[in-house]
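Have a look at coords33.cif; it's mmCIF, C-alpha atoms:
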data_start
#
loop_
_atom_site.label_atom_id
_atom_site.label_comp_id
_atom_site.auth_asym_id
_atom_site.auth_seq_id
_atom_site.Cartn_x
_atom_site.Cartn_y
_atom_site.Cartn_z
CA MET P 1 -33.82 82.24 -7.43
CA SER P 2 -37.11 83.99 -6.97
CA LYS P 3 -37.78 81.98 -3.83
CA PHE P 4 -34.69 83.31 -2.09
CA ILE P 5 -34.73 86.81 -3.58
CA PRO P 6 -38.41 87.67 -3.94
CA ALA P 7 -37.78 91.39 -4.37
CA PRO P 8 -34.41 91.96 -6.07
CA TRP P 9 -34.58 95.78 -6.18
CA TRP P 10 -35.45 95.96 -2.55
CA SER P 11 -32.59 93.59 -1.62
CA LEU P 12 -30.18 95.72 -3.65
CA PHE P 13 -31.44 98.85 -1.88
CA LEU P 14 -30.98 97.24 1.56
CA LEU P 15 -27.45 96.12 0.68
CA GLY P 16 -26.52 99.60 -0.53
CA PHE P 17 -28.06 101.16 2.56
CA TRP P 18 -26.09 98.81 4.83
CA LEU P 19 -22.79 99.51 3.08
CA LEU P 20 -23.39 103.27 3.26
CA LEU P 21 -24.20 103.00 6.96
CA GLN P 22 -20.96 101.08 7.60
CA ASN P 23 -19.09 103.58 5.39
CA LYS P 24 -16.54 100.96 4.27
CA VAL P 25 -16.53 97.87 2.08
CA SER P 26 -14.80 94.81 3.51
CA PHE P 27 -15.51 91.09 3.39
CA GLY P 28 -17.27 91.12 6.76
CA THR P 29 -19.60 94.06 6.04
CA LEU P 30 -20.41 92.68 2.58
CA LEU P 31 -21.24 89.22 3.95
CA LEU P 32 -23.47 90.52 6.77
CA GLY P 33 -25.11 92.94 4.32
CA LEU P 34 -25.88 90.13 1.88
CA ILE P 35 -27.37 87.98 4.64
CA LEU P 36 -29.57 90.88 5.81
CA ALA P 37 -30.55 91.80 2.25
CA ILE P 38 -31.82 88.25 1.67
CA LEU P 39 -33.41 87.58 5.07
CA ILE P 40 -35.30 90.87 5.56
CA PRO P 41 -37.33 90.71 2.30
CA MET P 42 -38.02 86.98 2.83
CA TYR P 43 -39.56 87.56 6.23
CA THR P 44 -41.38 90.83 5.61
CA LEU P 45 -42.69 90.32 2.08
CA ARG P 46 -46.01 89.00 3.34
CA ALA P 47 -46.62 92.31 5.11
CA ARG P 48 -46.57 94.23 1.81
CA ASP P 49 -50.02 94.61 0.37
CA TYR P 50 -48.89 96.12 -2.94
CA ARG P 51 -47.14 94.52 -5.87
CA THR P 52 -45.15 96.66 -8.24
CA THR P 53 -42.88 95.55 -11.00
CA LEU P 54 -40.35 97.85 -12.56
CA HIS P 55 -40.67 97.24 -16.28
CA LYS P 56 -38.09 99.68 -17.60
CA PRO P 57 -35.19 100.13 -15.13
CA LEU P 58 -33.20 102.32 -17.54
CA LEU P 59 -36.10 104.73 -17.92
CA ALA P 60 -36.34 104.87 -14.13
CA VAL P 61 -32.71 106.00 -13.95
CA GLN P 62 -33.41 108.63 -16.60
CA TYR P 63 -36.47 109.75 -14.64
CA PHE P 64 -34.31 110.14 -11.52
CA PHE P 65 -31.85 112.42 -13.28
CA ILE P 66 -34.64 114.52 -14.83
CA LEU P 67 -36.07 114.88 -11.33
CA LEU P 68 -32.68 115.92 -9.92
CA ALA P 69 -32.28 118.62 -12.58
CA ASP P 70 -35.83 119.85 -11.96
CA ILE P 71 -35.21 120.11 -8.21
CA ILE P 72 -32.30 122.46 -8.88
CA VAL P 73 -34.41 124.54 -11.30
CA SER P 74 -37.20 124.53 -8.72
CA ASN P 75 -34.86 125.95 -6.06
CA PHE P 76 -33.80 128.88 -8.25
CA ASN P 77 -37.42 129.41 -9.21
CA ILE P 78 -38.63 129.69 -5.63
CA ALA P 79 -35.62 131.81 -4.64
CA ALA P 80 -36.59 134.28 -7.38
CA ILE P 81 -40.18 134.44 -6.11
CA ILE P 82 -39.09 134.95 -2.50
CA LEU P 83 -36.39 137.54 -3.19
CA THR P 84 -38.39 139.72 -5.61
CA PRO P 85 -39.86 142.44 -3.44
CA ARG P 86 -43.64 142.73 -3.40
CA LYS P 87 -44.23 140.59 -6.42
CA ARG P 88 -47.89 139.66 -6.71
CA ILE P 89 -48.09 135.89 -6.74
CA GLN P 90 -51.09 134.06 -8.10
CA PRO P 91 -51.67 130.88 -6.13
CA ALA P 92 -54.20 128.35 -7.38
CA LEU P 93 -55.76 125.09 -6.31
CA ILE P 94 -55.86 122.84 -9.37
CA GLU P 95 -57.43 119.46 -9.96
CA PHE P 96 -55.13 117.04 -11.72
CA PRO P 97 -56.89 114.08 -13.38
CA LEU P 98 -54.79 110.92 -12.98
CA ASP P 99 -54.18 108.52 -15.83
CA ILE P 100 -52.07 106.11 -13.82
CA SER P 101 -53.23 103.73 -11.14
CA GLY P 102 -51.66 101.78 -8.31
CA SER P 103 -50.44 103.14 -5.01
CA VAL P 104 -46.70 103.15 -5.73
CA PRO P 105 -46.86 105.07 -9.07
CA ILE P 106 -49.31 107.61 -7.61
CA THR P 107 -47.07 108.10 -4.56
CA ILE P 108 -44.06 108.70 -6.80
CA LEU P 109 -46.02 111.14 -8.97
CA ALA P 110 -47.29 113.06 -5.92
CA SER P 111 -43.78 113.28 -4.47
CA THR P 112 -42.44 114.43 -7.84
CA ILE P 113 -45.08 117.15 -8.00
CA SER P 114 -44.10 118.32 -4.53
CA LEU P 115 -40.40 118.49 -5.39
CA THR P 116 -40.65 120.20 -8.79
CA PRO P 117 -41.10 123.90 -9.58
CA GLY P 118 -44.07 125.76 -8.20
CA THR P 119 -46.42 122.93 -7.26
CA ILE P 120 -47.28 120.88 -4.18
CA SER P 121 -49.66 117.94 -4.08
CA ALA P 122 -52.19 118.52 -1.32
CA GLU P 123 -54.76 115.76 -1.45
CA LEU P 124 -55.75 112.62 -3.29
CA GLY P 125 -59.37 112.52 -4.39
CA ARG P 126 -61.65 110.07 -2.62
CA ASP P 127 -62.06 107.88 -5.67
CA GLY P 128 -58.29 107.88 -6.33
CA ARG P 129 -58.75 109.35 -9.81
CA SER P 130 -57.47 112.88 -9.23
CA LEU P 131 -54.92 114.87 -7.25
CA LEU P 132 -55.41 118.31 -5.75
CA ILE P 133 -52.40 120.51 -6.50
CA HIS P 134 -51.48 123.86 -4.99
CA GLY P 135 -49.49 126.06 -7.38
CA LEU P 136 -47.55 129.01 -6.03
CA ASN P 137 -47.60 131.19 -9.12
CA VAL P 138 -49.92 129.90 -11.82
CA GLN P 139 -50.74 131.98 -14.89
CA ASP P 140 -52.32 129.17 -16.91
CA PRO P 141 -53.65 126.19 -14.91
CA GLU P 142 -54.29 124.09 -18.02
CA ALA P 143 -50.68 124.46 -19.15
CA THR P 144 -49.40 123.39 -15.71
CA VAL P 145 -51.49 120.22 -15.83
CA GLN P 146 -50.35 119.45 -19.37
CA GLN P 147 -46.70 119.99 -18.45
CA ILE P 148 -46.88 117.55 -15.52
CA LYS P 149 -48.71 115.01 -17.68
CA HIS P 150 -46.17 115.28 -20.47
CA ARG P 151 -43.01 115.43 -18.38
CA TYR P 152 -43.62 112.99 -15.52
CA GLU P 153 -46.85 111.02 -15.81
CA ARG P 154 -46.11 109.74 -19.31
CA ARG P 155 -42.72 108.43 -18.16
CA LEU P 156 -44.14 106.81 -15.02
CA LYS P 157 -46.80 105.10 -17.09
CA GLU P 158 -44.10 103.65 -19.27
CA ILE P 159 -41.90 102.57 -16.34
CA PHE P 160 -44.63 100.80 -14.36
CA GLN P 161 -46.93 99.84 -17.26
CA CYS P 162 -50.03 100.69 -15.30
CA MET G 1 -10.91 130.00 2.46
CA LEU G 2 -12.93 127.10 3.91
CA VAL G 3 -12.73 128.77 7.35
CA TYR G 4 -14.48 131.87 6.02
CA ALA G 5 -17.01 129.80 4.05
CA LEU G 6 -17.88 127.85 7.19
CA GLN G 7 -18.25 131.04 9.20
CA ILE G 8 -20.56 132.54 6.55
CA ALA G 9 -22.59 129.31 6.50
CA PHE G 10 -22.84 129.27 10.31
CA GLY G 11 -24.11 132.83 10.16
CA LEU G 12 -26.68 132.09 7.46
CA PHE G 13 -28.00 129.01 9.26
CA GLY G 14 -28.15 130.95 12.51
CA LEU G 15 -30.23 133.66 10.87
CA SER G 16 -32.47 130.98 9.31
CA LEU G 17 -33.08 129.44 12.73
CA LEU G 18 -33.91 132.89 14.11
CA MET G 19 -36.48 133.49 11.35
CA ASN G 20 -37.98 130.04 11.93
CA ILE G 21 -38.35 130.82 15.62
CA ILE G 22 -40.15 134.09 14.76
CA ARG G 23 -42.58 132.08 12.61
CA LEU G 24 -42.93 129.52 15.41
CA ILE G 25 -43.94 132.24 17.86
CA ARG G 26 -46.10 134.29 15.49
CA GLY G 27 -48.12 131.35 14.21
CA PRO G 28 -50.87 132.24 13.31
CA ASP G 29 -52.17 128.64 13.10
CA LEU G 30 -50.99 125.25 14.26
CA PRO G 31 -49.84 123.95 10.83
CA ASP G 32 -47.59 127.03 10.54
CA ARG G 33 -45.98 126.14 13.83
CA ILE G 34 -45.44 122.50 12.81
CA LEU G 35 -43.90 123.68 9.54
CA ALA G 36 -41.58 126.02 11.46
CA LEU G 37 -40.49 123.15 13.74
CA ASP G 38 -39.90 120.95 10.69
CA THR G 39 -37.66 123.61 9.16
CA ILE G 40 -35.85 124.11 12.47
CA TYR G 41 -34.80 120.47 12.69
CA ILE G 42 -33.62 120.38 9.08
CA ASN G 43 -31.56 123.55 9.59
CA SER G 44 -30.06 122.26 12.82
CA LEU G 45 -29.01 118.97 11.25
CA ALA G 46 -27.23 120.91 8.50
CA LEU G 47 -25.56 122.95 11.26
CA LEU G 48 -24.40 119.70 12.92
CA ILE G 49 -22.84 118.47 9.66
CA LEU G 50 -21.01 121.80 9.31
CA LEU G 51 -19.78 121.46 12.92
CA GLY G 52 -18.41 118.03 11.95
CA ILE G 53 -16.34 119.65 9.18
CA TRP G 54 -15.23 122.43 11.55
CA HIS G 55 -13.94 119.97 14.17
CA ASN G 56 -12.73 117.50 11.51
CA THR G 57 -14.64 114.57 12.98
CA ALA G 58 -17.31 112.19 11.68
CA PHE G 59 -18.95 111.75 15.09
CA TYR G 60 -21.69 114.27 14.41
CA PHE G 61 -23.02 112.23 11.49
CA GLU G 62 -24.99 109.79 13.64
CA ALA G 63 -26.59 112.64 15.56
CA ALA G 64 -27.62 114.33 12.29
CA LEU G 65 -29.13 111.09 10.95
CA LEU G 66 -31.08 110.58 14.16
CA ILE G 67 -32.42 114.14 14.05
CA ALA G 68 -33.54 113.59 10.45
CA MET G 69 -35.45 110.41 11.34
CA LEU G 70 -37.02 111.52 14.61
CA GLY G 71 -37.90 114.94 13.21
CA PHE G 72 -39.77 113.36 10.30
CA ILE G 73 -41.71 111.08 12.64
CA GLY G 74 -42.53 114.05 14.87
CA THR G 75 -43.84 116.10 11.95
CA VAL G 76 -45.97 113.22 10.67
CA ALA G 77 -47.38 112.54 14.13
CA ALA G 78 -48.25 116.21 14.69
CA ALA G 79 -49.89 116.56 11.24
CA LYS G 80 -51.82 113.34 11.81
CA PHE G 81 -53.00 114.67 15.15
CA LEU G 82 -54.34 117.82 13.46
CA LEU G 83 -56.10 115.72 10.83
CA ARG G 84 -57.76 113.18 13.09
CA GLY G 85 -57.40 114.38 16.66
CA ASP G 86 -55.69 111.06 17.26
CA ILE G 87 -52.25 109.70 16.36
CA ILE G 88 -52.75 105.94 16.40
CA GLU G 89 -56.06 104.84 14.96
CA MET E 1 -9.23 121.40 9.94
CA THR E 2 -6.41 120.10 7.83
CA ASN E 3 -4.82 121.67 4.79
CA LEU E 4 -6.54 121.06 1.48
CA PRO E 5 -5.42 121.55 -2.11
CA LEU E 6 -6.59 124.90 -3.48
CA TRP E 7 -9.20 123.52 -5.92
CA ALA E 8 -10.81 121.37 -3.22
CA ASP E 9 -10.82 124.31 -0.83
CA LEU E 10 -12.63 126.53 -3.34
CA LEU E 11 -15.06 123.81 -4.44
CA ILE E 12 -16.08 122.83 -0.91
CA SER E 13 -16.45 126.47 0.12
CA PHE E 14 -18.64 127.11 -2.91
CA VAL E 15 -21.08 124.22 -2.32
CA ILE E 16 -21.33 124.96 1.41
CA VAL E 17 -22.10 128.66 0.89
CA LEU E 18 -24.55 127.79 -1.91
CA GLY E 19 -26.37 125.31 0.33
CA ALA E 20 -26.47 127.73 3.24
CA SER E 21 -27.85 130.48 0.98
CA PHE E 22 -30.68 128.23 -0.23
CA ALA E 23 -31.54 127.22 3.33
CA PHE E 24 -31.55 130.93 4.25
CA ILE E 25 -33.83 131.81 1.32
CA GLY E 26 -36.18 128.98 2.29
CA SER E 27 -36.45 130.28 5.84
CA LEU E 28 -36.94 133.82 4.53
CA GLY E 29 -39.83 132.51 2.42
CA LEU E 30 -41.28 130.84 5.49
CA LEU E 31 -41.25 134.23 7.16
CA ARG E 32 -42.64 136.46 4.43
CA LEU E 33 -44.96 134.58 2.07
CA PRO E 34 -48.62 135.53 2.57
CA ASP E 35 -50.57 132.36 3.47
CA PHE E 36 -49.95 128.87 4.81
CA MET E 37 -50.14 126.98 1.51
CA ALA E 38 -47.66 129.41 -0.07
CA ARG E 39 -45.35 129.16 2.93
CA LEU E 40 -45.33 125.38 2.54
CA HIS E 41 -43.54 125.74 -0.81
CA ALA E 42 -40.44 127.50 0.51
CA PRO E 43 -39.01 125.04 3.08
CA THR E 44 -39.93 121.82 1.24
CA LYS E 45 -38.12 122.84 -1.92
CA SER E 46 -35.16 124.77 -0.63
CA THR E 47 -34.21 122.45 2.23
CA THR E 48 -33.54 119.58 -0.17
CA LEU E 49 -30.91 121.59 -2.04
CA GLY E 50 -29.81 123.51 1.05
CA VAL E 51 -28.97 120.43 3.09
CA GLY E 52 -27.87 118.71 -0.13
CA GLY E 53 -25.17 121.34 -0.71
CA VAL E 54 -23.86 121.05 2.84
CA ILE E 55 -23.84 117.25 2.54
CA ILE E 56 -21.92 117.32 -0.75
CA GLY E 57 -19.41 119.66 0.90
CA SER E 58 -19.02 117.29 3.85
CA MET E 59 -18.64 114.26 1.54
CA LEU E 60 -15.94 116.01 -0.50
CA TYR E 61 -14.09 117.22 2.59
CA PHE E 62 -13.91 113.83 4.33
CA SER E 63 -13.20 111.98 1.07
CA ILE E 64 -10.24 114.25 0.30
CA THR E 65 -8.73 114.55 3.78
CA ASP E 66 -9.45 110.99 4.92
CA SER E 67 -10.67 107.91 3.05
CA LEU E 68 -13.73 107.79 0.77
CA SER E 69 -16.79 108.77 2.80
CA LEU E 70 -20.28 108.47 1.34
CA HIS E 71 -22.44 107.86 4.40
CA GLU E 72 -23.65 111.50 4.42
CA LEU E 73 -25.63 110.49 1.32
CA LEU E 74 -27.99 108.60 3.64
CA ILE E 75 -29.21 111.87 5.14
CA ALA E 76 -29.72 113.34 1.67
CA ILE E 77 -31.65 110.25 0.48
CA PHE E 78 -33.73 110.27 3.63
CA LEU E 79 -34.65 113.96 3.33
CA PHE E 80 -35.31 113.49 -0.40
CA LEU E 81 -37.84 110.75 0.40
CA THR E 82 -39.48 112.38 3.41
CA ALA E 83 -39.74 116.08 2.45
CA PRO E 84 -42.68 115.54 0.01
CA ILE E 85 -44.47 113.28 2.50
CA SER E 86 -44.38 115.77 5.37
CA ALA E 87 -45.37 118.56 2.95
CA HIS E 88 -48.32 116.48 1.75
CA LEU E 89 -49.49 115.75 5.30
CA LEU E 90 -49.18 119.40 6.32
CA ALA E 91 -51.11 120.48 3.21
CA LYS E 92 -53.82 117.97 4.10
CA ALA E 93 -53.95 119.37 7.62
CA GLY E 94 -54.12 122.92 6.27
CA LEU E 95 -57.00 122.05 3.94
CA HIS E 96 -58.78 120.13 6.66
CA LEU E 97 -58.66 123.11 9.05
CA GLU E 98 -59.76 125.38 6.17
CA LEU E 99 -57.05 127.96 6.78
CA GLU E 100 -57.51 131.31 5.16
CA LEU E 101 -55.90 131.67 1.71
CA THR E 102 -54.74 134.95 0.21
CA ARG E 103 -57.33 136.93 -1.69
CA ASN E 104 -56.04 136.25 -5.21
CA THR E 105 -56.00 132.46 -4.87
CA GLN E 106 -57.93 130.83 -7.68
CA ASP E 107 -59.92 127.89 -6.42
CA LEU E 108 -60.41 125.59 -9.40
CA ARG E 109 -61.91 122.66 -7.58
CA LYS E 110 -64.86 121.37 -9.56
CA LYS E 111 -65.95 118.89 -6.91
CA PRO E 112 -64.70 120.14 -3.54
CA GLU E 113 -66.42 117.32 -1.66
CA GLN E 114 -63.98 114.90 -3.33
CA TYR E 115 -61.14 116.36 -1.26
CA SER E 116 -62.71 116.85 2.13
CA ASP E 117 -62.71 114.04 4.63
CA LYS E 118 -65.89 115.13 6.35
CA ASP E 119 -68.58 112.51 6.23
CA SER E 120 -71.19 113.45 3.69
#

Any chance you could put this one into structure tokens?
Amino acid sequence: MSKFIPAPWWSLFLLGFWLLLQNKVSFGTLLLGLILAILIPMYTLRARDYRTTLHKPLLAVQYFFILLADIIVSNFNIAAIILTPRKRIQPALIEFPLDISGSVPITILASTISLTPGTISAELGRDGRSLLIHGLNVQDPEATVQQIKHRYERRLKEIFQC
Amino acid sequence: MLVYALQIAFGLFGLSLLMNIIRLIRGPDLPDRILALDTIYINSLALLILLGIWHNTAFYFEAALLIAMLGFIGTVAAAKFLLRGDIIE
Amino acid sequence: MTNLPLWADLLISFVIVLGASFAFIGSLGLLRLPDFMARLHAPTKSTTLGVGGVIIGSMLYFSITDSLSLHELLIAIFLFLTAPISAHLLAKAGLHLELELTRNTQDLRKKPEQYSDKDS
């Protein structure tokens, strides 16, 4: 099993991608998609230099929906800032100490920070232990850090167990 | 109803593209210009999808997908060039 | 364009106009926010929902008039994955070139040398 499907989530993603690209489900597209979804991970797995295991798939789905809701909130938030005439914004560059490790979890956290209200991740520290965040309108930097830690980092830590 | 909605959307995207071009010309720095180009390609791919609804055809989808991919690669290459003065290290 | 049932007509019109408005607000932010790092916020956030709204409208329209059509989702997924990455790279470039920030920016970096890629 694990010899033919070394990365099951990746294979599932490739199959879904193929079916979406074909835009119809028939025996032929499904068969070709399955062949590609098995062959591509088998031949390219050696090129991946990171190993990540998803420990809690259900939590990952929950995380995705939280993220989706936050993106919508984030859009209204930024629209309010842009449309309010001459509002004084208070930008800030904040250091965010990381509790998680591993390139995939950190990438997901940085992308989450960029997509959610008021913050953008700008740089990863040299030692990989902190992120530099730019906030558009920050009243209390400490509260921003705590909110990100509580809302996203805690969940990622649980999903990837890192 | 959909006809009017599409016309309003065309107008809004057209104005967005105009504002992006103003930012592209005004600068003041290179990252601003790259960001303006990035926004221009995203707005134009949305415009292509709307054109597909307008003409009731799915042919514009492939063009929109290609713009999304090539635009992303272009933005990354330009940002990388600013960072290192070199695209392929 | 073909004829649609009334509810579909209203729903598709609503999501398309909503998406277009967010894209417009994002571009307006690109034009009028004060410095580069602030301008970066507007397009990255509003384009995801702006294009997302248009894509949902297109998906609904082709699914109702023709057969089920989900391939527009690919564009949404792709933009969803790439928008933070291009924003991150542009922010890196902006920090590297040391662009001017607005006067009331609080710089809370304790160890700035951690985030510069100049050789120390």

*Enumerate, as a PyMOL selection string, the residues matched when the PyMOL selection byres ((chain P) within 12 of (chain G)) is run on the file above.*
chain P and resi 21-23

Need to verify the contact set: segment 70-76 of chain P, 8 Å, only C-alpha atoms, exclusion of same-chain residues closer than 4 positions in sequence. Can you return it as a PDB file with C-alpha atoms, in the frame of the given file?
ATOM      1  CA  ILE P  66     -34.640 114.520 -14.830  1.00  0.00           C
ATOM      2  CA  ALA P  80     -36.590 134.280  -7.380  1.00  0.00           C
ATOM      3  CA  LEU P 115     -40.400 118.490  -5.390  1.00  0.00           C
ATOM      4  CA  THR P 116     -40.650 120.200  -8.790  1.00  0.00           C
ATOM      5  CA  PRO P 117     -41.100 123.900  -9.580  1.00  0.00           C
ATOM      6  CA  GLY P 118     -44.070 125.760  -8.200  1.00  0.00           C
TER       7      GLY P 118
ATOM      8  CA  PHE E  22     -30.680 128.230  -0.230  1.00  0.00           C
ATOM      9  CA  LYS E  45     -38.120 122.840  -1.920  1.00  0.00           C
ATOM     10  CA  SER E  46     -35.160 124.770  -0.630  1.00  0.00           C
ATOM     11  CA  LEU E  49     -30.910 121.590  -2.040  1.00  0.00           C
TER      12      LEU E  49
END

*Contact residues around segment 8-19 of chain E with only C-alpha atoms at 8 Å, ignoring same-chain residues under 4 positions, as a ChimeraX atom specification*: /G:1-2,5-6,8-9 /E:4,23,49-54,56-58,60-61,64

_atom CA of Arg32 of chain E to atom CA of Arg26 of chain G, distance in Å rounded to a single decimal_ =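 We find that atom CA of Arg32 of chain E and atom CA of Arg26 of chain G lie 11.8 Å from each other.
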
*List the residues matched by the PyMOL selection byres ((chain E) within 9 of (chain G)) in the displayed structure as a VMD selection string, ordered by chain and then by residue number.*
chain E and resid 1 to 2 6 9 to 10 12 to 14 16 to 21 23 to 28 30 to 31 36 39 to 40 43 to 44 47 50 to 52 54 to 55 57 to 58 61 to 62 71 to 72 74 to 75 78 to 79 82 to 83 85 to 87 89 to 94 96 to 97 99

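Our summary of the geometry notes that atom CA of Pro105 of chain P is positioned 8.0 Å from atom CA of Lys157 of chain P.
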
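Atom CA of Ala63 of chain G sits 25.9 Å away from atom CA of Asn3 of chain E.
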